[in-house]
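S.K.: Below is a structure I'd like to ask you about.
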Amino acid sequence: MLAKLSLGTLGLSVGGLITLIGFYAYFNDYATLNLAGFFYGIPLLLGGLALKAAELKPIPFTHPTSPDILELREKQATQIQNQIRKDITRYRYGQDAHLDDSLERFGLNPSDEARPVLVGLREENVEGCYAL
C-alpha cells in the first residue's frame, strides 16, 4: 500500500498543515505550538517539495487484469516478472526513467533522447502462459 502513496504529496500535505498551524499559533501567541509548527512543519514541507521534484510516477495497467490471469500469475510468473511488475507500478524517487538501473546493468546507457519511454503495463494469457 505504501508503494501506491506518493511520499512527496504526503510530505507536502502534512508539512503544509503543521506549518499553517505554526503560523496561526505565532500570531495568537501560543509559543509551544508555534515552535512545533516551525521546527517540524517547515522541514516536512521542504522535504515534501524535494521528493515531489524527484518523483517518478507509477506506470498504469493498460488493461484491467482478469481473475484468470491473476491465477495464472500466481502459478507461472517468474521472480523477475514479479519484480518488474512491482518496480514499475510504484512511486520512484531520484531516477530519470523506469527500469533505468536495468538498462545500466546490461551496459546500455542511452541518452535522454534515445531512452525508451514506458507508458503502460499489460498482463496476458498467451497460449496458456503468463505474459507481462
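Residue numbering restarts at 1 for every chain of the C-alpha cells, chains are lettered A, B, ... in their displayed order, and ligands are numbered from 1 as they appear.
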Give me the region 19-88 of chain A side of the contact with region 98-113 of chain A, cut-off 10 Å, one line per residue showing its nearest atom pair and distance in Å at one decimal, counting only C-alpha atoms, sorted by chain and residue number, as a tab-separated table.
M.R.:
```
residue	atom	partner	partner_atom	distance
A:Leu56	CA	A:His98	CA	7.8
A:Lys57	CA	A:His98	CA	9.1
A:Pro58	CA	A:His98	CA	8.6
A:Ile59	CA	A:His98	CA	8.5
A:Ile84	CA	A:Leu99	CA	8.1
A:Asp87	CA	A:Leu99	CA	8.1
A:Ile88	CA	A:His98	CA	6.2
```
S.K.: Identify all residues of region 14-62 of chain A in alpha helix (DSSP H) (DSSP on the backbone) and supply them as a ChimeraX atom specification.
M.R.: /A:14-27,31-36,42-53
S.K.: Would you kindly return, as a list in words, each protein, DNA or RNA residue with an atom no farther than 7 Å from any atom of region 123-131 of chain A, considering only C-alpha atoms and excluding same-chain residues fewer than 2 positions away?
M.R.: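 Using only C-alpha atoms, the neighbours found are Thr65, Ile69, Leu72, Arg73, Gln76, Ala77 and Leu121 of chain A.
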S.K.: Suppose we keep C-alpha atoms; can you now write the selection as a compact mmCIF listing (two decimals), in the first residue's frame?
M.R.:
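Result saved to part.txt:
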```
# COMPACT_ATOMS: atom_id res chain seq x y z
CA THR A 65 -6.17 -7.83 -15.14
CA ILE A 69 -4.78 -14.06 -15.39
CA LEU A 72 -2.06 -17.75 -13.93
CA ARG A 73 0.33 -15.15 -12.50
CA GLN A 76 3.65 -19.22 -13.65
CA ALA A 77 5.12 -15.75 -13.05
CA LEU A 121 1.79 -2.46 -18.50
```
S.K.: Write out as an MDAnalysis selection string the set of residues from chain A that DSSP, computed on the backbone, places in strand (DSSP E).
M.R.: chainID A and resid 55:56 92:93 124:126 129:131
S.K.: Taking N, CA, C and O atoms for each residue, export the selection above as a short mmCIF file (atom, residue, chain, number, x, y, z; two decimals), in the first residue's frame.
M.R.:
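That gives us again-v3.cif:
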```
data_model
loop_
_atom_site.label_atom_id
_atom_site.label_comp_id
_atom_site.auth_asym_id
_atom_site.auth_seq_id
_atom_site.Cartn_x
_atom_site.Cartn_y
_atom_site.Cartn_z
N GLU A 55 10.22 12.93 -8.14
CA GLU A 55 9.25 11.83 -8.19
C GLU A 55 9.08 11.28 -9.61
O GLU A 55 9.01 12.02 -10.58
N LEU A 56 9.01 9.97 -9.71
CA LEU A 56 8.70 9.27 -10.95
C LEU A 56 7.42 8.50 -10.71
O LEU A 56 7.37 7.61 -9.86
N ARG A 92 8.77 6.09 -7.63
CA ARG A 92 10.23 6.02 -7.53
C ARG A 92 10.75 7.43 -7.35
O ARG A 92 10.15 8.39 -7.81
N TYR A 93 11.91 7.55 -6.69
CA TYR A 93 12.47 8.86 -6.42
C TYR A 93 13.93 8.90 -6.84
O TYR A 93 14.68 7.97 -6.58
N GLU A 124 -1.13 -10.76 -19.85
CA GLU A 124 -1.96 -11.52 -20.79
C GLU A 124 -1.75 -13.00 -20.64
O GLU A 124 -0.73 -13.45 -20.10
N ASN A 125 -2.69 -13.76 -21.20
CA ASN A 125 -2.58 -15.19 -21.32
C ASN A 125 -2.24 -15.48 -22.77
O ASN A 125 -3.07 -15.32 -23.66
N VAL A 126 -0.98 -15.88 -23.02
CA VAL A 126 -0.53 -16.16 -24.38
C VAL A 126 -0.35 -17.68 -24.51
O VAL A 126 0.61 -18.24 -23.97
N CYS A 129 0.16 -19.41 -21.28
CA CYS A 129 1.30 -18.98 -20.47
C CYS A 129 1.11 -17.53 -20.04
O CYS A 129 0.53 -16.72 -20.77
N TYR A 130 1.63 -17.22 -18.87
CA TYR A 130 1.56 -15.85 -18.34
C TYR A 130 2.55 -14.98 -19.08
O TYR A 130 3.71 -15.34 -19.26
N ALA A 131 2.10 -13.82 -19.54
CA ALA A 131 2.96 -12.86 -20.24
C ALA A 131 2.78 -11.49 -19.63
O ALA A 131 1.67 -11.09 -19.29
#
```
S.K.: Report as a count of residues only all protein, DNA and RNA residues lying within 12 Å of Ile18 (chain A), evaluated on only C-alpha atoms, omitting residues in the same chain fewer than 3 positions from it.
M.R.: 23
S.K.: Interatomic distance between CA of Lys86 (chain A) and CA of Ala53 (chain A)?
M.R.: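 Calculated distance between CA of Lys86 (chain A) and CA of Ala53 (chain A) is 22.1 Å.
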S.K.: Please determine, counting only C-alpha atoms, which residue among A:Ala97, A:Lys75, A:Tyr91, A:Pro64 has the shortest atom-to-atom distance to Leu7 (chain A).
M.R.: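 Of the candidates, the smallest distance to Leu7 (chain A) is held by A:Tyr91.
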